[in-house]
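Okay, final.cif is below, mmCIF, N, CA and C atoms:
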data_data
#
loop_
_atom_site.label_atom_id
_atom_site.label_comp_id
_atom_site.auth_asym_id
_atom_site.auth_seq_id
_atom_site.Cartn_x
_atom_site.Cartn_y
_atom_site.Cartn_z
N MET A 2 87.58 102.04 111.37
CA MET A 2 87.97 103.28 110.74
C MET A 2 88.28 104.36 111.77
N VAL A 3 87.62 104.32 112.91
CA VAL A 3 87.87 105.32 113.95
C VAL A 3 89.30 105.21 114.45
N ASP A 4 89.82 103.98 114.59
CA ASP A 4 91.19 103.80 115.04
C ASP A 4 92.18 104.40 114.05
N VAL A 5 91.95 104.18 112.77
CA VAL A 5 92.83 104.73 111.74
C VAL A 5 92.77 106.25 111.77
N LYS A 6 91.57 106.79 111.90
CA LYS A 6 91.41 108.24 111.97
C LYS A 6 92.15 108.81 113.18
N ASN A 7 92.02 108.17 114.33
CA ASN A 7 92.72 108.62 115.53
C ASN A 7 94.23 108.52 115.38
N LEU A 8 94.70 107.45 114.73
CA LEU A 8 96.12 107.28 114.50
C LEU A 8 96.66 108.39 113.60
N ILE A 9 95.93 108.73 112.56
CA ILE A 9 96.35 109.81 111.66
C ILE A 9 96.32 111.15 112.39
N LYS A 10 95.28 111.40 113.18
CA LYS A 10 95.21 112.65 113.95
C LYS A 10 96.39 112.78 114.91
N PHE A 11 96.70 111.69 115.61
CA PHE A 11 97.82 111.71 116.54
C PHE A 11 99.13 111.96 115.81
N THR A 12 99.32 111.32 114.67
CA THR A 12 100.54 111.50 113.89
C THR A 12 100.68 112.94 113.43
N LEU A 13 99.61 113.53 112.94
CA LEU A 13 99.66 114.93 112.49
C LEU A 13 99.91 115.88 113.65
N LEU A 14 99.31 115.63 114.80
CA LEU A 14 99.56 116.46 115.98
C LEU A 14 101.02 116.34 116.42
N PHE A 15 101.52 115.12 116.46
CA PHE A 15 102.92 114.89 116.82
C PHE A 15 103.86 115.60 115.85
N GLU A 16 103.52 115.57 114.56
CA GLU A 16 104.32 116.24 113.54
C GLU A 16 104.36 117.74 113.79
N ARG A 17 103.22 118.34 114.06
CA ARG A 17 103.16 119.79 114.29
C ARG A 17 103.94 120.20 115.53
N ILE A 18 103.75 119.45 116.61
CA ILE A 18 104.47 119.75 117.85
C ILE A 18 105.98 119.60 117.63
N SER A 19 106.39 118.57 116.93
CA SER A 19 107.81 118.35 116.65
C SER A 19 108.39 119.49 115.83
N LEU A 20 107.65 119.94 114.82
CA LEU A 20 108.15 121.04 113.99
C LEU A 20 108.32 122.33 114.79
N VAL A 21 107.39 122.62 115.68
CA VAL A 21 107.51 123.81 116.53
C VAL A 21 108.73 123.69 117.44
N ILE A 22 108.92 122.53 118.06
CA ILE A 22 110.07 122.32 118.93
C ILE A 22 111.37 122.45 118.15
N ILE A 23 111.44 121.83 116.99
CA ILE A 23 112.64 121.91 116.16
C ILE A 23 112.92 123.35 115.75
N PHE A 24 111.89 124.07 115.34
CA PHE A 24 112.04 125.46 114.91
C PHE A 24 112.65 126.32 116.02
N PHE A 25 112.06 126.25 117.21
CA PHE A 25 112.57 127.07 118.31
C PHE A 25 113.95 126.61 118.78
N THR A 26 114.20 125.32 118.74
CA THR A 26 115.52 124.81 119.11
C THR A 26 116.58 125.32 118.14
N LEU A 27 116.27 125.33 116.85
CA LEU A 27 117.21 125.83 115.86
C LEU A 27 117.47 127.33 116.03
N ILE A 28 116.43 128.09 116.30
CA ILE A 28 116.60 129.53 116.49
C ILE A 28 117.48 129.81 117.71
N ILE A 29 117.18 129.16 118.81
CA ILE A 29 117.97 129.37 120.04
C ILE A 29 119.40 128.89 119.85
N SER A 30 119.58 127.72 119.25
CA SER A 30 120.92 127.18 119.04
C SER A 30 121.74 128.03 118.09
N SER A 31 121.12 128.53 117.03
CA SER A 31 121.87 129.37 116.09
C SER A 31 122.26 130.69 116.73
N TYR A 32 121.45 131.19 117.62
CA TYR A 32 121.78 132.42 118.34
C TYR A 32 122.97 132.18 119.28
N ILE A 33 123.00 131.01 119.94
CA ILE A 33 124.06 130.71 120.90
C ILE A 33 125.34 130.26 120.20
N ASN A 34 125.25 129.34 119.25
CA ASN A 34 126.43 128.70 118.65
C ASN A 34 126.83 129.22 117.28
N GLY A 35 125.99 129.96 116.64
CA GLY A 35 126.28 130.41 115.29
C GLY A 35 125.66 129.49 114.25
N LEU A 36 125.34 130.05 113.12
CA LEU A 36 124.60 129.33 112.08
C LEU A 36 125.42 128.20 111.46
N LYS A 37 126.71 128.41 111.24
CA LYS A 37 127.54 127.39 110.58
C LYS A 37 127.61 126.10 111.42
N GLU A 38 127.77 126.25 112.72
CA GLU A 38 127.83 125.07 113.60
C GLU A 38 126.50 124.34 113.62
N ILE A 39 125.40 125.08 113.63
CA ILE A 39 124.07 124.47 113.62
C ILE A 39 123.87 123.68 112.33
N GLN A 40 124.29 124.24 111.20
CA GLN A 40 124.17 123.54 109.92
C GLN A 40 124.92 122.21 109.98
N ARG A 41 126.14 122.25 110.50
CA ARG A 41 126.96 121.04 110.55
C ARG A 41 126.31 119.98 111.43
N VAL A 42 125.86 120.37 112.61
CA VAL A 42 125.23 119.42 113.54
C VAL A 42 123.92 118.89 112.97
N LEU A 43 123.11 119.77 112.39
CA LEU A 43 121.82 119.37 111.83
C LEU A 43 122.00 118.38 110.68
N ILE A 44 122.93 118.64 109.80
CA ILE A 44 123.18 117.72 108.68
C ILE A 44 123.67 116.38 109.19
N GLN A 45 124.51 116.40 110.21
CA GLN A 45 125.01 115.15 110.79
C GLN A 45 123.87 114.34 111.43
N ILE A 46 122.99 115.02 112.14
CA ILE A 46 121.84 114.34 112.76
C ILE A 46 120.92 113.75 111.69
N ILE A 47 120.63 114.53 110.66
CA ILE A 47 119.76 114.06 109.58
C ILE A 47 120.38 112.86 108.88
N TYR A 48 121.67 112.93 108.60
CA TYR A 48 122.38 111.84 107.94
C TYR A 48 122.28 110.55 108.76
N LYS A 49 122.54 110.64 110.06
CA LYS A 49 122.48 109.45 110.92
C LYS A 49 121.05 108.92 111.04
N SER A 50 120.07 109.81 111.09
CA SER A 50 118.69 109.34 111.19
C SER A 50 118.26 108.63 109.91
N PHE A 51 118.74 109.09 108.76
CA PHE A 51 118.42 108.39 107.51
C PHE A 51 119.05 107.01 107.47
N ILE A 52 120.23 106.87 108.02
CA ILE A 52 120.86 105.55 108.09
C ILE A 52 120.03 104.62 108.98
N ILE A 53 119.58 105.13 110.12
CA ILE A 53 118.74 104.33 111.02
C ILE A 53 117.44 103.94 110.33
N TRP A 54 116.77 104.91 109.66
CA TRP A 54 115.52 104.60 108.96
C TRP A 54 115.74 103.59 107.83
N SER A 55 116.89 103.66 107.18
CA SER A 55 117.19 102.68 106.13
C SER A 55 117.23 101.27 106.72
N GLY A 56 117.84 101.14 107.90
CA GLY A 56 117.88 99.84 108.57
C GLY A 56 116.49 99.35 108.95
N ILE A 57 115.66 100.26 109.45
CA ILE A 57 114.29 99.89 109.82
C ILE A 57 113.51 99.44 108.59
N ILE A 58 113.65 100.17 107.50
CA ILE A 58 112.95 99.81 106.25
C ILE A 58 113.41 98.44 105.77
N LEU A 59 114.71 98.20 105.82
CA LEU A 59 115.22 96.89 105.39
C LEU A 59 114.67 95.76 106.26
N LEU A 60 114.56 95.99 107.56
CA LEU A 60 113.97 94.97 108.44
C LEU A 60 112.51 94.70 108.09
N ILE A 61 111.76 95.75 107.80
CA ILE A 61 110.35 95.58 107.42
C ILE A 61 110.25 94.82 106.10
N ILE A 62 111.07 95.20 105.13
CA ILE A 62 111.05 94.51 103.84
C ILE A 62 111.43 93.04 104.02
N LEU A 63 112.44 92.79 104.82
CA LEU A 63 112.85 91.41 105.08
C LEU A 63 111.72 90.62 105.73
N GLY A 64 111.05 91.23 106.70
CA GLY A 64 109.91 90.57 107.34
C GLY A 64 108.80 90.27 106.35
N MET A 65 108.55 91.21 105.43
CA MET A 65 107.50 91.00 104.43
C MET A 65 107.87 89.89 103.46
N VAL A 66 109.14 89.83 103.08
CA VAL A 66 109.58 88.80 102.14
C VAL A 66 109.51 87.42 102.80
N ILE A 67 109.92 87.34 104.05
CA ILE A 67 109.92 86.05 104.75
C ILE A 67 108.49 85.59 105.04
N ASN A 68 107.67 86.49 105.63
CA ASN A 68 106.31 86.10 105.99
C ASN A 68 105.44 87.36 106.04
N PHE A 69 104.76 87.66 104.95
CA PHE A 69 103.95 88.88 104.87
C PHE A 69 102.82 88.87 105.90
N ASN A 70 102.13 87.75 106.04
CA ASN A 70 100.99 87.68 106.98
C ASN A 70 101.41 88.00 108.41
N TYR A 71 102.54 87.44 108.85
CA TYR A 71 103.01 87.69 110.21
C TYR A 71 103.39 89.17 110.38
N THR A 72 104.09 89.74 109.41
CA THR A 72 104.50 91.15 109.48
C THR A 72 103.28 92.06 109.48
N PHE A 73 102.32 91.76 108.64
CA PHE A 73 101.08 92.54 108.55
C PHE A 73 100.32 92.48 109.89
N THR A 74 100.22 91.29 110.46
CA THR A 74 99.54 91.12 111.74
C THR A 74 100.29 91.84 112.86
N LEU A 75 101.60 91.72 112.88
CA LEU A 75 102.41 92.40 113.90
C LEU A 75 102.24 93.91 113.82
N PHE A 76 102.23 94.46 112.61
CA PHE A 76 102.01 95.90 112.41
C PHE A 76 100.69 96.32 113.05
N HIS A 77 99.63 95.58 112.78
CA HIS A 77 98.32 95.95 113.32
C HIS A 77 98.23 95.76 114.83
N LYS A 78 98.90 94.75 115.36
CA LYS A 78 98.91 94.56 116.81
C LYS A 78 99.65 95.70 117.52
N ILE A 79 100.68 96.22 116.89
CA ILE A 79 101.45 97.32 117.48
C ILE A 79 100.65 98.62 117.45
N PHE A 80 99.98 98.91 116.34
CA PHE A 80 99.37 100.23 116.17
C PHE A 80 97.88 100.31 116.51
N PHE A 81 97.22 99.18 116.74
CA PHE A 81 95.80 99.21 117.06
C PHE A 81 95.54 98.40 118.33
N ARG A 82 94.74 98.97 119.23
CA ARG A 82 94.48 98.35 120.53
C ARG A 82 93.39 97.28 120.48
N ASN A 83 92.51 97.34 119.51
CA ASN A 83 91.42 96.38 119.45
C ASN A 83 91.62 95.42 118.28
N ASP A 84 90.64 94.57 118.04
CA ASP A 84 90.75 93.60 116.95
C ASP A 84 89.82 93.92 115.78
N LEU A 85 89.43 95.18 115.64
CA LEU A 85 88.53 95.56 114.55
C LEU A 85 89.20 95.45 113.18
N TRP A 86 90.51 95.40 113.15
CA TRP A 86 91.23 95.28 111.89
C TRP A 86 91.18 93.86 111.34
N ILE A 87 90.77 92.90 112.17
CA ILE A 87 90.65 91.51 111.71
C ILE A 87 89.33 91.38 110.95
N LEU A 88 89.45 91.13 109.67
CA LEU A 88 88.27 91.10 108.81
C LEU A 88 87.95 89.67 108.37
N ASP A 89 86.69 89.43 108.07
CA ASP A 89 86.22 88.13 107.60
C ASP A 89 86.10 88.20 106.07
N PRO A 90 86.87 87.39 105.34
CA PRO A 90 86.83 87.45 103.88
C PRO A 90 85.48 87.06 103.28
N ARG A 91 84.62 86.43 104.07
CA ARG A 91 83.30 86.06 103.56
C ARG A 91 82.31 87.22 103.64
N ASN A 92 82.51 88.14 104.59
CA ASN A 92 81.51 89.18 104.83
C ASN A 92 82.00 90.61 104.60
N ASP A 93 83.28 90.85 104.75
CA ASP A 93 83.80 92.22 104.69
C ASP A 93 84.17 92.60 103.27
N TYR A 94 83.55 93.68 102.80
CA TYR A 94 83.72 94.12 101.41
C TYR A 94 85.16 94.52 101.10
N LEU A 95 85.87 95.01 102.09
CA LEU A 95 87.26 95.40 101.85
C LEU A 95 88.08 94.22 101.35
N LEU A 96 87.88 93.06 101.96
CA LEU A 96 88.62 91.87 101.52
C LEU A 96 88.02 91.23 100.28
N ILE A 97 86.74 91.44 100.06
CA ILE A 97 86.11 90.92 98.84
C ILE A 97 86.62 91.71 97.63
N LEU A 98 86.69 93.04 97.77
CA LEU A 98 87.14 93.90 96.67
C LEU A 98 88.65 93.86 96.48
N PHE A 99 89.39 93.77 97.59
CA PHE A 99 90.85 93.81 97.52
C PHE A 99 91.42 92.56 98.19
N PRO A 100 91.92 91.63 97.41
CA PRO A 100 92.49 90.40 97.98
C PRO A 100 93.82 90.68 98.69
N GLU A 101 94.33 89.67 99.36
CA GLU A 101 95.58 89.81 100.12
C GLU A 101 96.73 90.29 99.24
N ARG A 102 96.76 89.83 98.02
CA ARG A 102 97.83 90.22 97.09
C ARG A 102 97.88 91.74 96.90
N PHE A 103 96.72 92.38 96.88
CA PHE A 103 96.64 93.84 96.75
C PHE A 103 97.38 94.51 97.90
N PHE A 104 97.14 94.06 99.13
CA PHE A 104 97.78 94.66 100.30
C PHE A 104 99.29 94.44 100.28
N LEU A 105 99.70 93.26 99.83
CA LEU A 105 101.13 92.98 99.70
C LEU A 105 101.77 93.95 98.71
N GLU A 106 101.14 94.11 97.55
CA GLU A 106 101.70 94.99 96.52
C GLU A 106 101.70 96.45 96.96
N ILE A 107 100.66 96.90 97.66
CA ILE A 107 100.62 98.27 98.17
C ILE A 107 101.73 98.49 99.19
N CYS A 108 101.93 97.53 100.08
CA CYS A 108 103.01 97.64 101.07
C CYS A 108 104.37 97.72 100.38
N ILE A 109 104.57 96.92 99.37
CA ILE A 109 105.84 96.94 98.63
C ILE A 109 106.03 98.29 97.96
N ILE A 110 104.99 98.81 97.31
CA ILE A 110 105.09 100.12 96.65
C ILE A 110 105.41 101.22 97.65
N ILE A 111 104.72 101.23 98.78
CA ILE A 111 104.97 102.25 99.81
C ILE A 111 106.40 102.15 100.32
N LEU A 112 106.86 100.94 100.61
CA LEU A 112 108.22 100.78 101.12
C LEU A 112 109.27 101.13 100.07
N LEU A 113 109.01 100.81 98.81
CA LEU A 113 109.96 101.18 97.76
C LEU A 113 110.03 102.69 97.58
N LEU A 114 108.88 103.36 97.62
CA LEU A 114 108.88 104.83 97.53
C LEU A 114 109.59 105.44 98.73
N PHE A 115 109.32 104.92 99.90
CA PHE A 115 109.98 105.41 101.11
C PHE A 115 111.49 105.19 101.02
N THR A 116 111.91 104.03 100.50
CA THR A 116 113.33 103.73 100.33
C THR A 116 113.96 104.68 99.32
N LEU A 117 113.29 104.95 98.22
CA LEU A 117 113.82 105.86 97.20
C LEU A 117 113.99 107.27 97.77
N ILE A 118 112.97 107.77 98.44
CA ILE A 118 113.04 109.11 99.04
C ILE A 118 114.13 109.14 100.10
N ASN A 119 114.21 108.11 100.91
CA ASN A 119 115.24 108.03 101.95
C ASN A 119 116.63 108.04 101.33
N PHE A 120 116.82 107.28 100.26
CA PHE A 120 118.12 107.22 99.59
C PHE A 120 118.49 108.58 98.99
N LEU A 121 117.53 109.25 98.36
CA LEU A 121 117.81 110.57 97.78
C LEU A 121 118.19 111.59 98.86
N LEU A 122 117.44 111.60 99.96
CA LEU A 122 117.75 112.53 101.04
C LEU A 122 119.06 112.17 101.73
N LEU A 123 119.35 110.90 101.84
CA LEU A 123 120.62 110.46 102.40
C LEU A 123 121.78 110.94 101.52
N SER A 124 121.61 110.84 100.21
CA SER A 124 122.64 111.31 99.28
C SER A 124 122.86 112.81 99.40
N VAL A 125 121.77 113.57 99.49
CA VAL A 125 121.88 115.03 99.63
C VAL A 125 122.60 115.39 100.92
N THR A 126 122.23 114.76 102.02
CA THR A 126 122.90 115.08 103.29
C THR A 126 124.36 114.64 103.27
N TRP A 127 124.67 113.55 102.58
CA TRP A 127 126.06 113.12 102.46
C TRP A 127 126.87 114.16 101.70
N ILE A 128 126.32 114.67 100.60
CA ILE A 128 126.99 115.71 99.82
C ILE A 128 127.18 116.98 100.65
N LEU A 129 126.13 117.38 101.36
CA LEU A 129 126.23 118.58 102.20
C LEU A 129 127.25 118.39 103.32
N ARG A 130 127.30 117.20 103.88
CA ARG A 130 128.31 116.91 104.92
C ARG A 130 129.71 117.07 104.38
N LYS A 131 129.94 116.57 103.18
CA LYS A 131 131.27 116.66 102.57
C LYS A 131 131.64 118.11 102.26
N ARG A 132 130.67 118.91 101.87
CA ARG A 132 130.95 120.32 101.57
C ARG A 132 131.25 121.12 102.84
N LEU A 133 130.52 120.83 103.92
CA LEU A 133 130.74 121.58 105.16
C LEU A 133 131.96 121.08 105.94
N ASP A 134 132.23 119.79 105.85
CA ASP A 134 133.35 119.17 106.57
C ASP A 134 134.21 118.38 105.59
N PRO A 135 135.04 119.03 104.78
CA PRO A 135 135.78 118.31 103.74
C PRO A 135 136.86 117.37 104.26
N ILE A 136 137.13 117.37 105.55
CA ILE A 136 138.20 116.54 106.11
C ILE A 136 137.83 115.09 106.15
#

Transcribe the structure of this file into structure tokens.
Amino acid sequence: MVDVKNLIKFTLLFERISLVIIFFTLIISSYINGLKEIQRVLIQIIYKSFIIWSGIILLIILGMVINFNYTFTLFHKIFFRNDLWILDPRNDYLLILFPERFFLEICIIILLLFTLINFLLLSVTWILRKRLDPI
């Protein structure tokens, strides 16, 4: 649990630092280049990042469909330095209460929600791109 807590703390810290950097970058850029140009560049960057994230999500979903256990194990090897995430189904209550199928279904739900949100935001940025750059 300590690893998960540290991972969440790091993610939240990274998020805050990123938001501060983005905020000041936008203020400085809008002062130098003008607000309209910043809007155009920002929407273009957001649009491209959503396309990249869509590809990443599709790769994860494909990995889960082909072999959930391998994808699940690979995820934990990437994000955790120790082997505390490896649980014994005979002794660990987490696996006794929640079978493997539960984790598969939760992963699918999370990825589907992420895909839906990504698609909606991608659509909004596409519409905004067309309004700002009708050519």

Helix (DSSP H, G or I) call set, DSSP backbone run, range 4-112 of chain A, as a PyMOL selection string: chain A and resi 4-34+36-67+69-80+94-98+101-112

Of the listed residues A:Leu129, A:Ile52, A:Val42, A:Leu75, that which approaches Ser30 in chain A most closely, counting only C-alpha atoms: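 Result for the nearest residue to Ser30 in chain A: A:Val42.
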
Distance in Å - CA of Val21 in chain A versus atom C of Lys78 in chain A: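 Answer for the CA of Val21 in chain A to atom C of Lys78 in chain A separation: 29.2 Å.
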
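The smallest atom-to-atom distance between Ile46 in chain A and any of A:Asp4, A:Leu133, A:Trp86, A:Thr126, using only C-alpha atoms, is found for A:Thr126.
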
Length of the CA of Leu14 in chain A to CA of Leu105 in chain A vector [Å]: 28.6 Å

Output check: residues returned by the PyMOL selection byres (((chain A and resi 51 and name CA) around 12) and name CA), as a PyMOL selection string: chain A and resi 44-50+52-58+115-127

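CA of Met65 in chain A to atom C of Ile79 in chain A spans 16.6 Å [interatomic distance, one decimal].
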
How big is the axis-aligned box, and where does its centre sit, when it encloses all atoms of range 42-56 of chain A listed in the file and has 8 Å added on every side, reported in Å to one decimal as JSON?
{"center_x": 120.7, "center_y": 109.9, "center_z": 109.8, "size_x": 26.3, "size_y": 37.0, "size_z": 23.4}

Among the residues A:Arg17, A:Ile39, A:Leu59, A:Leu27, the one that comes closest to Leu113 in chain A [using only C-alpha atoms]: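 Answer, going by the shortest atom-to-atom distance: A:Leu59.
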